[in-house]
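Visitor: The structure is given below, and queries will be raised subsequently.
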Amino acid sequence: MIWHSEPISEVIRELDASTERGLTAGEADKRISQFGPNQLSQTKGITIFQRFIEQLKDFMVIILMIAAAISLITTIISGENEWIEPIVIVAIVIINAALGVFQESKAEAALEALKSMAAPSAKVIRDAITKVIPASELVPGDIIILESGDYIPADGRLIEVASFRSEESALTGESIPVEKIIDGEPIPDIAGIGDRLNMVYAGCSVAYGHGKAIVTETGMNTEMGKIATMLESADSTETPLKIKLAHLGKTLGIVALIICGIIFVVGLIQGPAVDQTYADKILELFMTSISLAVAAIPEGLPAIVTVVLALGVQRMVKSNAIIRKLPAVETLGSASVICSDKTGTLTQNRMTLVKLFDGQNIIDLTEEKISQNGEMLLKLGAMCCDGRVEIQNGNVVHFGDPTETGIVAAAMKYNNLSKNELDNIYPRLGELPFDSDRKLMTTINMIDGKIFSITKGAPDILISRCSQGNFAKALEANDTMGNEALRVLGVAIKQLDEAPSNPTSEALEYDLNFVGLVGMIDPPRPEVIDAVALCHKAGIRTVMITGDHIATATAIANQIGIMTPEYRSVSGAELSKMSNEELFENIEQIAVYARVSPEDKIRIVNAWKDKGHVVAMTGDGVNDAPALKAADIGCAMGITGTDVAKGAAAMTLTDDNFATIVTAVKEGRGIYDNIKKSVHFLLSCNLGEIISVFFGMLIFGASPLIAVQLLWINLVTDSAPALALGMEPVEHDVMDRKPRNKNESFFAHGMGFTAAWQGVMFGVITLVAYALGRYHFSDNDAIYGNTMAFAVLAFSQIVHSFNTRSNHSLFKVGFFSNVYMLFAFCLSTALMLIALLTPLRSVFELVALNSTEWLEIILLSLTPLVIGELIKLGNWIKRK
């Protein structure tokens with residue numbers, strides 16, 4: 001049964017319940033056996049050890065373990081004490097896995113937070129007696145009593161209400177309490193949660209008044225339970241970076257093994273040297289091939305990526321963004337669509353009075369000076385409110401109904417009187433509380449020695465009860481402000497001879513003197529307009545998804561630049577009539593979704609993902625949590641956000657500021673650039689090592705580098721510069737580009753070609769150095785050639801790290817703009833000089849070099865920098 005659209009008599013009959021006596025204890029026991037306890041189900045979590053093992057299943061980690069095994073075999077076969085490489089690789093694996101476990105230990109916190117939102121107890125009628133029972137014992141058919149301040153323990157259909165309002169922001173995202181009714185116009189089957197005015201929902205609360213409801217759903221069948229189910233079933237999607245790294249690891253592993261196999265076969269075909277046996281030759285080839293395989297696979301890349309992401313997380317904390325999952329930093333950089341909640345995310349989550357009608361004219365408070373009549377209107381309106389506004393530690397804090405606090409805040413601003421001061425100067429003598437039938441509220445106040453009743457409420461009803469005022473202009477002003485999606489209230493007064501002891505609507509709310517109208521809205525955050533514009537400039541589409549009414553949502557979207565002439569708004573009812581195929585076809589034409597359900601939000605996110613976009617979803621309510629988890633990256637609000645939303649999201653904005661997302665996107669793009677620079681650097685260097693060995697074997701019949709030299713270069717000259725590249729400052733033009741396609745390869749935009757020719761360049765200068773050392777500076781002595789090749793390959797790679805810092809000239813970027821690169825340069829250079837200049841050279845089978853040989857090494861090592869700068873100059877001239 002669709003509980004909200006059926007007559008209440010049918011609901012009671014279907015649930016076989018008595019509204020007066022409630023259920024019997026025996027019937028309640030039967031139903032709890034049938035429906036189960038009124039609580040969210042718990043899924044078995046995985047242990048820390050299981051999480052650790054899951055981390056080790058990553059393909060790059062498997063490659064690292066293979067590399068460690070190969071390095072260990074090489075060390076054992078050679079009989080030399082070279083344990084550094086396998087120890088470092090294993091350490092990298094353990095550190096990576098530990099970081100992954102730490103980051104993901106809170107991954108399922110959303111469900112736990114949902115459980116904490118359950119009401120601990122409920123007031124229920126059983127056997128004609130009102131009693132308090134644990135909320136978990138509620139069953140469908142129970143009659144529950146709800147009072148102001150209560151958490152609602154289960155979903156239910158209202159059967160009695162008295163000025164009843166429910167705060168449903170947890171499910172709808174809207175902060176204004178919803179006025180509830182029992183009877184009225186039939187509610188359509190497809191109505192959204194915010195439009196089901198005769199229902200209450202678990203996890204929400206009673207903001208005002210009191211009432212009774214018959215429980216319709218409990219446990220996992222409640223709307224809150226459906227969200228819990230979606231959170232359990234929503235897949236946490238693989239990030240683009242993780243997919244690319246896994247693909248890169250597979251590709252490099254396969255290519256390296258093939259090349260090493262070829263080198264081994266070529267060496268066997270060439271046969272042993274004159275003073276070598278076949279056994280010695282095979283052992284040498286085996287060690288060289290395996291060492292080259294270890295060198296060719298960038299085993300430091302996962303650690304470098306982890307460190308770069310972790311440092312990015314630290315920088316983002318300073319920019320008010322907390323990252324829960326490391327890869328989310330990079331994912332933000334590739335975001336092409338941001339689906340944003342409205343209330344509290346794009347807007348201030350505070351009703352603000354922006355226009356008023358003072359009886360003669362509409363005054364725009366954002367532009368015009370308020371009139372005396374306007375000041376009196378605000379003063380009277382504030383006197384007829386129960387909400388209050390206080391200044392605490394320099395911050396404005398609102399207490400009570402947001403509509404009332406909006407009026408009180410305006411009166412405080414323009415009359416310089418707080419609510420307490422107004423109540424002291426104009427004491428309240430009596431009141432008629434707001435009633436959903438009258439749609440009015442009245443207070444009786446002493447004003448300058450005279451007694452007045454002040455009435456505020458729905459303009460059309462209020463005006464119909466007035467006998468004095470410019471009604472034609474007032475109705476026109478009401479229409480004008482209503483068309484601007486403002487929430488409009490009227491204010492009127494009536495002088496009394498005395499304060500009635502038993503005030504009634506007939507005595508106080510007729511024959512009124514109309515004073516004016518106030519129009520308010522939850523306004524956009526001031527910084528959001530620029531943030532949306534910057535997103536547009538960066539090629540990022542911003543979409544509004546809200547539980548608010550379509551007129552209000554569209555008005556805000558127009559103000560902040562989300563809604564433009566080519567786009568349209570869609571309500572939840574319209575969306576529910578669309579098939580997934582129709583939504584897929586129309587998704588790019590829709591900018592605003594209003595009155596949507598949690599299921600709708602997931603459909604919208606998935607439709608954009610099916611279009612090939614990387615989707616970021618922002619939100620703060622429980623209703624946002626499933627979509628936050630389903631999106632490529634979920635961004636929860638830190639101040640107004642629920643624990644459920646934060647648990648489901650990958651990122652939390654501590655200032656609840658949409659503009660912070662733009663900073664996060666910029667940081668994410670910079671981090672991806674830096675990771676790509678590290679990959680570029682490692683690939684070009686490793687390719688240079690492969691080419692040097694491969695063609696050295698073909699041309700000279702011997703490898704220019706022996707196993708221990710390859711391993712040292714791989715350990716010393718790759719890691720530190722690659723890590724320093726990951727710490728480059730974000731480039732100034734990073735937000736001038738369109739988002740990259742999530743399927744874009746690391747090798748896109750010419751990076752693969754660039755790394756290839758740079759690898760060839762390293763191979764050529766290394767082979768030149770080997771030839772000079774072996775044939776020019778010595779009489780066919782291979783050890784001289786090895787020493788020259790070793791020095792040139794290592795130093796040219798260190799110099800090349802400066803080349804890789806930017807596509808712009810190093811002279812424009814600045815040699816000293818990345819101090820980490822300078823440190824890496826000094827560290828790598830120092831370690832190389834220790835190997836070349838100290839007695840340790842014997843471990844690496846090197847010889848001492850003279851000044852002429854060192855000059856050749858310096859000139860050859862600077863070649864990559866000179867060539868790189870010349871190419872950048874050519875590209876700059878071409879762009880100009």
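Convention: chains lettered A, B, ... in structure tokens order; per-chain residue numbering from 1; ligands numbered from 1 as shown.
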Env of Arg165 (chain A): 9 Å cut, atoms = only C-alpha atoms, seq-sep filter 4 positions within chain, self excluded. Answer as a list of chain:residue names.

Guide: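 Contacts, with the query itself left out: A:Ser148, A:Val161, A:Pro177, A:Val178, A:Glu179, A:Lys180, A:Ser205, A:Val206, A:Ala207, A:Tyr208, A:Gly209, A:His210.
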
Visitor: Hey, what's within 7 Å of Glu137 (chain A) if we count only C-alpha atoms and toss same-chain stuff fewer than 4 positions away? As number ranges by chain, please?

Guide: A: 37-38, 133

Visitor: Only C-alpha atoms, please: the residues just picked out, written as a compact mmCIF listing (two decimals), in the first residue's frame.

Guide:
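What follows is the written file result39.txt:
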```txt
# COMPACT_ATOMS: atom_id res chain seq x y z
CA PRO A 37 12.76 -5.28 15.39
CA ASN A 38 12.54 -1.60 14.48
CA ILE A 133 8.92 1.43 25.21
```

Visitor: Taking 6 positions as the minimum chain separation for residues in the same chain, which residues sit within 9 Å of Leu158 (chain A) when counting only C-alpha atoms? Answer as a list in words.

Guide: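 The contact residues come out as Ile8, Lys180, Ile181, Ile182, Leu197, Asn198, Met199, Val200, Gly211, Lys212, Ala213, Ile214 and Val215 of chain A.
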
Visitor: Using only C-alpha atoms, which of A:Ile370, A:Val605, A:Gln709, A:Ser678 sits nearest Val843 (chain A)?

Guide: A:Gln709

Visitor: Per residue of region 297-375 of chain A within 7 Å of region 516-529 of chain A, note the shortest atom pair and the distance in Å to one decimal, counting only C-alpha atoms, and order the rows by chain and increasing residue number, as CSV.

Guide:
```
residue,atom,partner,partner_atom,distance
A:Leu346,CA,A:Pro524,CA,5.7
A:Thr347,CA,A:Pro524,CA,3.9
A:Gln348,CA,A:Arg525,CA,5.4
A:Asn349,CA,A:Asp522,CA,5.9
A:Arg350,CA,A:Asp522,CA,5.3
A:Met351,CA,A:Asp522,CA,4.4
A:Thr352,CA,A:Met520,CA,5.2
A:Leu353,CA,A:Met520,CA,4.1
A:Val354,CA,A:Met520,CA,5.4
A:Lys355,CA,A:Gly519,CA,5.0
A:Leu356,CA,A:Val518,CA,4.3
A:Phe357,CA,A:Leu517,CA,4.9
A:Asp358,CA,A:Gly516,CA,4.8
A:Gly359,CA,A:Gly516,CA,5.0
```

Visitor: What does the file look like for those residues with all heavy atoms, as a tab-separated table (two decimals), in the first residue's frame?

Guide:
```
chain	number	residue	atom	x	y	z
A	346	LEU	N	24.95	25.52	-1.62
A	346	LEU	CA	24.97	26.68	-2.51
A	346	LEU	C	24.38	27.90	-1.82
A	346	LEU	O	24.69	29.04	-2.17
A	346	LEU	CB	24.18	26.38	-3.78
A	346	LEU	CG	24.77	25.28	-4.68
A	346	LEU	CD1	23.76	24.88	-5.76
A	346	LEU	CD2	26.07	25.72	-5.31
A	347	THR	N	23.52	27.66	-0.83
A	347	THR	CA	22.90	28.76	-0.10
A	347	THR	C	23.42	28.78	1.33
A	347	THR	O	24.16	27.91	1.75
A	347	THR	CB	21.37	28.62	-0.09
A	347	THR	OG1	21.02	27.43	0.63
A	347	THR	CG2	20.82	28.54	-1.51
A	348	GLN	N	22.98	29.80	2.09
A	348	GLN	CA	23.52	30.01	3.43
A	348	GLN	C	22.81	29.18	4.50
A	348	GLN	O	23.20	29.24	5.66
A	348	GLN	CB	23.42	31.50	3.78
A	348	GLN	CG	24.22	32.39	2.85
A	348	GLN	CD	24.01	33.87	3.13
A	348	GLN	OE1	23.70	34.27	4.26
A	348	GLN	NE2	24.19	34.71	2.12
A	349	ASN	N	21.77	28.44	4.12
A	349	ASN	CA	20.97	27.66	5.08
A	349	ASN	C	20.42	28.55	6.18
A	349	ASN	O	20.39	28.18	7.36
A	349	ASN	CB	21.80	26.52	5.67
A	349	ASN	CG	20.91	25.47	6.34
A	349	ASN	OD1	19.74	25.36	6.04
A	349	ASN	ND2	21.49	24.72	7.26
A	350	ARG	N	20.01	29.75	5.79
A	350	ARG	CA	19.45	30.70	6.75
A	350	ARG	C	18.47	31.60	6.02
A	350	ARG	O	18.85	32.32	5.09
A	350	ARG	CB	20.58	31.53	7.37
A	350	ARG	CG	20.09	32.58	8.34
A	350	ARG	CD	21.25	33.28	9.00
A	350	ARG	NE	22.00	32.36	9.87
A	350	ARG	CZ	23.15	32.65	10.44
A	350	ARG	NH1	23.72	33.82	10.22
A	350	ARG	NH2	23.76	31.76	11.20
A	351	MET	N	17.21	31.54	6.42
A	351	MET	CA	16.21	32.40	5.78
A	351	MET	C	16.56	33.87	6.05
A	351	MET	O	16.78	34.26	7.21
A	351	MET	CB	14.81	32.09	6.31
A	351	MET	CG	14.31	30.70	5.94
A	351	MET	SD	14.21	30.43	4.16
A	351	MET	CE	12.79	31.43	3.74
A	352	THR	N	16.63	34.64	5.00
A	352	THR	CA	17.04	36.04	5.10
A	352	THR	C	15.99	36.91	4.44
A	352	THR	O	15.57	36.64	3.31
A	352	THR	CB	18.40	36.25	4.41
A	352	THR	OG1	19.36	35.37	5.01
A	352	THR	CG2	18.86	37.68	4.55
A	353	LEU	N	15.59	37.93	5.13
A	353	LEU	CA	14.58	38.85	4.61
A	353	LEU	C	15.23	39.77	3.58
A	353	LEU	O	16.16	40.51	3.91
A	353	LEU	CB	13.98	39.66	5.76
A	353	LEU	CG	12.59	40.24	5.53
A	353	LEU	CD1	11.79	40.23	6.81
A	353	LEU	CD2	12.69	41.64	4.99
A	354	VAL	N	14.78	39.70	2.33
A	354	VAL	CA	15.43	40.46	1.26
A	354	VAL	C	14.53	41.55	0.67
A	354	VAL	O	15.02	42.52	0.10
A	354	VAL	CB	15.91	39.52	0.13
A	354	VAL	CG1	17.05	38.65	0.61
A	354	VAL	CG2	14.78	38.65	-0.41
A	355	LYS	N	13.20	41.39	0.82
A	355	LYS	CA	12.28	42.42	0.30
A	355	LYS	C	11.12	42.58	1.26
A	355	LYS	O	10.76	41.65	1.99
A	355	LYS	CB	11.75	42.03	-1.08
A	355	LYS	CG	12.77	42.18	-2.20
A	355	LYS	CD	12.13	42.04	-3.57
A	355	LYS	CE	13.18	42.26	-4.67
A	355	LYS	NZ	12.59	42.18	-6.01
A	356	LEU	N	10.54	43.80	1.27
A	356	LEU	CA	9.31	44.00	2.03
A	356	LEU	C	8.41	44.98	1.30
A	356	LEU	O	8.86	45.80	0.48
A	356	LEU	CB	9.63	44.48	3.46
A	356	LEU	CG	10.43	45.77	3.69
A	356	LEU	CD1	9.56	47.01	3.56
A	356	LEU	CD2	11.06	45.74	5.08
A	357	PHE	N	7.14	44.89	1.58
A	357	PHE	CA	6.13	45.83	1.07
A	357	PHE	C	5.63	46.60	2.28
A	357	PHE	O	5.04	46.03	3.20
A	357	PHE	CB	5.00	45.07	0.39
A	357	PHE	CG	3.84	45.94	-0.02
A	357	PHE	CD1	3.98	46.87	-1.04
A	357	PHE	CD2	2.61	45.84	0.64
A	357	PHE	CE1	2.90	47.69	-1.41
A	357	PHE	CE2	1.54	46.63	0.27
A	357	PHE	CZ	1.68	47.56	-0.76
A	358	ASP	N	5.92	47.91	2.32
A	358	ASP	CA	5.64	48.71	3.51
A	358	ASP	C	4.24	49.33	3.52
A	358	ASP	O	3.96	50.24	4.29
A	358	ASP	CB	6.69	49.81	3.67
A	358	ASP	CG	6.67	50.84	2.54
A	358	ASP	OD1	5.84	50.69	1.62
A	358	ASP	OD2	7.48	51.78	2.58
A	359	GLY	N	3.37	48.81	2.65
A	359	GLY	CA	2.02	49.35	2.54
A	359	GLY	C	1.85	50.20	1.30
A	359	GLY	O	0.73	50.40	0.82
```

Visitor: Tell me, as a PyMOL selection string, which residues lie within 12 Å of Ser806 (chain A), counting only C-alpha atoms; anything in the same chain fewer than 4 positions away does not count.

Guide: chain A and resi 670+673-674+676-678+680-681+725-726+728-734+800-802+810-815+817-818+868-869+872

Visitor: Could the residues in this selection be written to a file with N, CA and C atoms, as a PDB file, in the first residue's frame?

Guide:
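Heads up, here's the output in again_29.pdb:
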```pdb
ATOM      1  N   GLY A 670      46.403  19.742  -9.947  1.00  0.00           N
ATOM      2  CA  GLY A 670      47.842  19.898  -9.742  1.00  0.00           C
ATOM      3  C   GLY A 670      48.500  18.602  -9.299  1.00  0.00           C
ATOM      4  N   ASP A 673      48.766  16.289 -12.249  1.00  0.00           N
ATOM      5  CA  ASP A 673      49.891  16.749 -13.077  1.00  0.00           C
ATOM      6  C   ASP A 673      51.214  16.269 -12.497  1.00  0.00           C
ATOM      7  N   ASN A 674      51.354  16.409 -11.174  1.00  0.00           N
ATOM      8  CA  ASN A 674      52.611  16.028 -10.527  1.00  0.00           C
ATOM      9  C   ASN A 674      52.851  14.518 -10.589  1.00  0.00           C
ATOM     10  N   LYS A 676      51.700  12.625 -12.910  1.00  0.00           N
ATOM     11  CA  LYS A 676      52.020  12.374 -14.314  1.00  0.00           C
ATOM     12  C   LYS A 676      53.478  12.749 -14.610  1.00  0.00           C
ATOM     13  N   LYS A 677      53.963  13.820 -13.984  1.00  0.00           N
ATOM     14  CA  LYS A 677      55.363  14.204 -14.165  1.00  0.00           C
ATOM     15  C   LYS A 677      56.291  13.121 -13.606  1.00  0.00           C
ATOM     16  N   SER A 678      55.913  12.580 -12.450  1.00  0.00           N
ATOM     17  CA  SER A 678      56.725  11.511 -11.855  1.00  0.00           C
ATOM     18  C   SER A 678      56.746  10.280 -12.749  1.00  0.00           C
ATOM     19  N   HIS A 680      56.188  10.219 -15.980  1.00  0.00           N
ATOM     20  CA  HIS A 680      56.957  10.608 -17.173  1.00  0.00           C
ATOM     21  C   HIS A 680      58.457  10.464 -16.910  1.00  0.00           C
ATOM     22  N   PHE A 681      58.891  11.011 -15.773  1.00  0.00           N
ATOM     23  CA  PHE A 681      60.313  10.972 -15.424  1.00  0.00           C
ATOM     24  C   PHE A 681      60.801   9.526 -15.291  1.00  0.00           C
ATOM     25  N   LEU A 725      59.302  15.789  -7.783  1.00  0.00           N
ATOM     26  CA  LEU A 725      58.380  16.223  -8.842  1.00  0.00           C
ATOM     27  C   LEU A 725      56.938  16.196  -8.348  1.00  0.00           C
ATOM     28  N   GLY A 726      56.649  15.252  -7.471  1.00  0.00           N
ATOM     29  CA  GLY A 726      55.305  15.161  -6.913  1.00  0.00           C
ATOM     30  C   GLY A 726      54.966  16.303  -5.982  1.00  0.00           C
ATOM     31  N   GLU A 728      55.749  19.561  -6.714  1.00  0.00           N
ATOM     32  CA  GLU A 728      55.752  20.805  -7.475  1.00  0.00           C
ATOM     33  C   GLU A 728      54.535  21.662  -7.106  1.00  0.00           C
ATOM     34  N   PRO A 729      54.703  22.981  -7.042  1.00  0.00           N
ATOM     35  CA  PRO A 729      53.532  23.856  -6.833  1.00  0.00           C
ATOM     36  C   PRO A 729      52.555  23.718  -8.001  1.00  0.00           C
ATOM     37  N   VAL A 730      51.265  23.929  -7.720  1.00  0.00           N
ATOM     38  CA  VAL A 730      50.248  23.849  -8.777  1.00  0.00           C
ATOM     39  C   VAL A 730      50.516  24.948  -9.799  1.00  0.00           C
ATOM     40  N   GLU A 731      50.484  24.598 -11.088  1.00  0.00           N
ATOM     41  CA  GLU A 731      50.791  25.570 -12.134  1.00  0.00           C
ATOM     42  C   GLU A 731      49.663  26.584 -12.294  1.00  0.00           C
ATOM     43  N   HIS A 732      50.018  27.798 -12.697  1.00  0.00           N
ATOM     44  CA  HIS A 732      49.073  28.917 -12.705  1.00  0.00           C
ATOM     45  C   HIS A 732      47.908  28.726 -13.674  1.00  0.00           C
ATOM     46  N   ASP A 733      48.101  27.958 -14.732  1.00  0.00           N
ATOM     47  CA  ASP A 733      47.071  27.829 -15.754  1.00  0.00           C
ATOM     48  C   ASP A 733      46.276  26.533 -15.643  1.00  0.00           C
ATOM     49  N   VAL A 734      46.344  25.886 -14.483  1.00  0.00           N
ATOM     50  CA  VAL A 734      45.737  24.553 -14.365  1.00  0.00           C
ATOM     51  C   VAL A 734      44.214  24.598 -14.509  1.00  0.00           C
ATOM     52  N   HIS A 800      67.693  15.688 -15.861  1.00  0.00           N
ATOM     53  CA  HIS A 800      66.421  15.598 -16.583  1.00  0.00           C
ATOM     54  C   HIS A 800      65.224  15.858 -15.668  1.00  0.00           C
ATOM     55  N   SER A 801      65.370  15.615 -14.365  1.00  0.00           N
ATOM     56  CA  SER A 801      64.264  15.859 -13.443  1.00  0.00           C
ATOM     57  C   SER A 801      63.829  17.324 -13.477  1.00  0.00           C
ATOM     58  N   PHE A 802      64.780  18.255 -13.705  1.00  0.00           N
ATOM     59  CA  PHE A 802      64.427  19.683 -13.829  1.00  0.00           C
ATOM     60  C   PHE A 802      63.626  19.917 -15.106  1.00  0.00           C
ATOM     61  N   LEU A 810      62.102  26.281 -17.832  1.00  0.00           N
ATOM     62  CA  LEU A 810      62.605  26.298 -16.466  1.00  0.00           C
ATOM     63  C   LEU A 810      62.927  27.722 -16.025  1.00  0.00           C
ATOM     64  N   PHE A 811      63.297  28.583 -16.972  1.00  0.00           N
ATOM     65  CA  PHE A 811      63.612  29.976 -16.650  1.00  0.00           C
ATOM     66  C   PHE A 811      62.351  30.746 -16.245  1.00  0.00           C
ATOM     67  N   LYS A 812      61.183  30.306 -16.762  1.00  0.00           N
ATOM     68  CA  LYS A 812      59.911  30.931 -16.387  1.00  0.00           C
ATOM     69  C   LYS A 812      59.409  30.367 -15.058  1.00  0.00           C
ATOM     70  N   VAL A 813      59.543  29.057 -14.885  1.00  0.00           N
ATOM     71  CA  VAL A 813      59.084  28.410 -13.661  1.00  0.00           C
ATOM     72  C   VAL A 813      59.971  28.799 -12.482  1.00  0.00           C
ATOM     73  N   GLY A 814      61.263  28.905 -12.749  1.00  0.00           N
ATOM     74  CA  GLY A 814      62.214  29.266 -11.705  1.00  0.00           C
ATOM     75  C   GLY A 814      62.972  28.063 -11.172  1.00  0.00           C
ATOM     76  N   PHE A 815      64.290  28.157 -11.139  1.00  0.00           N
ATOM     77  CA  PHE A 815      65.120  27.046 -10.677  1.00  0.00           C
ATOM     78  C   PHE A 815      64.866  26.741  -9.206  1.00  0.00           C
ATOM     79  N   SER A 817      62.002  27.438  -7.358  1.00  0.00           N
ATOM     80  CA  SER A 817      60.595  27.458  -6.922  1.00  0.00           C
ATOM     81  C   SER A 817      60.168  26.152  -6.268  1.00  0.00           C
ATOM     82  N   ASN A 818      60.965  25.105  -6.406  1.00  0.00           N
ATOM     83  CA  ASN A 818      60.674  23.835  -5.726  1.00  0.00           C
ATOM     84  C   ASN A 818      61.921  23.426  -4.946  1.00  0.00           C
ATOM     85  N   GLY A 868      65.775  19.861 -24.010  1.00  0.00           N
ATOM     86  CA  GLY A 868      64.436  20.126 -23.470  1.00  0.00           C
ATOM     87  C   GLY A 868      64.066  21.588 -23.553  1.00  0.00           C
ATOM     88  N   GLU A 869      64.997  22.479 -23.199  1.00  0.00           N
ATOM     89  CA  GLU A 869      64.707  23.916 -23.240  1.00  0.00           C
ATOM     90  C   GLU A 869      64.520  24.405 -24.673  1.00  0.00           C
ATOM     91  N   LYS A 872      61.009  23.381 -25.693  1.00  0.00           N
ATOM     92  CA  LYS A 872      60.018  24.252 -25.034  1.00  0.00           C
ATOM     93  C   LYS A 872      59.979  25.623 -25.695  1.00  0.00           C
TER      94      LYS A 872
END
```

Visitor: Between CA of Asp610 (chain A) and CA of Ser745 (chain A), what distance in Å does the model show, to one decimal?

Guide: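 If I compute the distance from CA of Asp610 (chain A) to CA of Ser745 (chain A), I get 18.9 Å.
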
Visitor: Quick one, how far is CA of Leu475 (chain A) from CA of Lys342 (chain A)?

Guide: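 The value is 29.3 Å.
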
Visitor: Mind listing the alpha helix (DSSP H) residues of region 540-772 of chain A, per DSSP on the backbone, as a PyMOL selection string?

Guide: chain A and resi 550-560+572-577+580-586+598-610+625-630+643-648+658-700+707-716+719-725+751-771

Visitor: If you count only C-alpha atoms, which residues fall within 10 Å of Val768 (chain A), apart from same-chain ones fewer than 2 positions away, as a PyMOL selection string?

Guide: chain A and resi 692+762-766+770-774+785+788-789+792+860

Visitor: List as a ChimeraX atom specification the protein and nucleic acid residues near Glu588 (chain A), meaning an atom at most 9 Å away when only C-alpha atoms are counted, but skip any in the same chain fewer than 4 places from it.

Guide: /A:567,584,608

Visitor: Grab the residues selected above and save them as a short mmCIF file (atom, residue, chain, number, x, y, z; two decimals), in the first residue's frame with all heavy atoms.

Guide:
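So out-v3.cif came out as:
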```
data_model
loop_
_atom_site.label_atom_id
_atom_site.label_comp_id
_atom_site.auth_asym_id
_atom_site.auth_seq_id
_atom_site.Cartn_x
_atom_site.Cartn_y
_atom_site.Cartn_z
N TYR A 567 19.20 25.44 -20.59
CA TYR A 567 18.91 24.37 -19.64
C TYR A 567 17.49 24.49 -19.09
O TYR A 567 16.84 25.52 -19.21
CB TYR A 567 19.91 24.39 -18.48
CG TYR A 567 21.35 24.22 -18.91
CD1 TYR A 567 22.36 25.02 -18.38
CD2 TYR A 567 21.70 23.24 -19.84
CE1 TYR A 567 23.68 24.86 -18.78
CE2 TYR A 567 23.02 23.08 -20.23
CZ TYR A 567 24.00 23.89 -19.71
OH TYR A 567 25.31 23.73 -20.09
N PHE A 584 19.00 9.35 -19.46
CA PHE A 584 20.32 9.34 -20.11
C PHE A 584 20.32 10.29 -21.31
O PHE A 584 21.29 11.04 -21.52
CB PHE A 584 20.66 7.92 -20.55
CG PHE A 584 21.97 7.80 -21.29
CD1 PHE A 584 23.16 7.71 -20.59
CD2 PHE A 584 22.01 7.78 -22.68
CE1 PHE A 584 24.37 7.60 -21.26
CE2 PHE A 584 23.21 7.67 -23.36
CZ PHE A 584 24.40 7.58 -22.64
N TRP A 608 24.92 10.55 -15.32
CA TRP A 608 26.11 11.33 -15.72
C TRP A 608 27.32 10.41 -15.88
O TRP A 608 28.11 10.57 -16.82
CB TRP A 608 26.41 12.41 -14.68
CG TRP A 608 25.60 13.67 -14.84
CD1 TRP A 608 24.62 14.13 -14.03
CD2 TRP A 608 25.71 14.63 -15.90
NE1 TRP A 608 24.11 15.31 -14.50
CE2 TRP A 608 24.77 15.65 -15.64
CE3 TRP A 608 26.51 14.73 -17.04
CZ2 TRP A 608 24.61 16.75 -16.48
CZ3 TRP A 608 26.36 15.83 -17.88
CH2 TRP A 608 25.41 16.82 -17.60
#
```

Visitor: Quick one: everything within 8 Å of Thr654 (chain A), counting only C-alpha atoms, minus sequence neighbours fewer than 6 positions away in the same chain. Send it as a ChimeraX atom specification.

Guide: /A:320-322,637-639

Visitor: Enter the distance from CA of Ala594 (chain A) to CA of Ala555 (chain A), in Å, rounded to one decimal.

Guide: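 So the answer is 11.7 Å.
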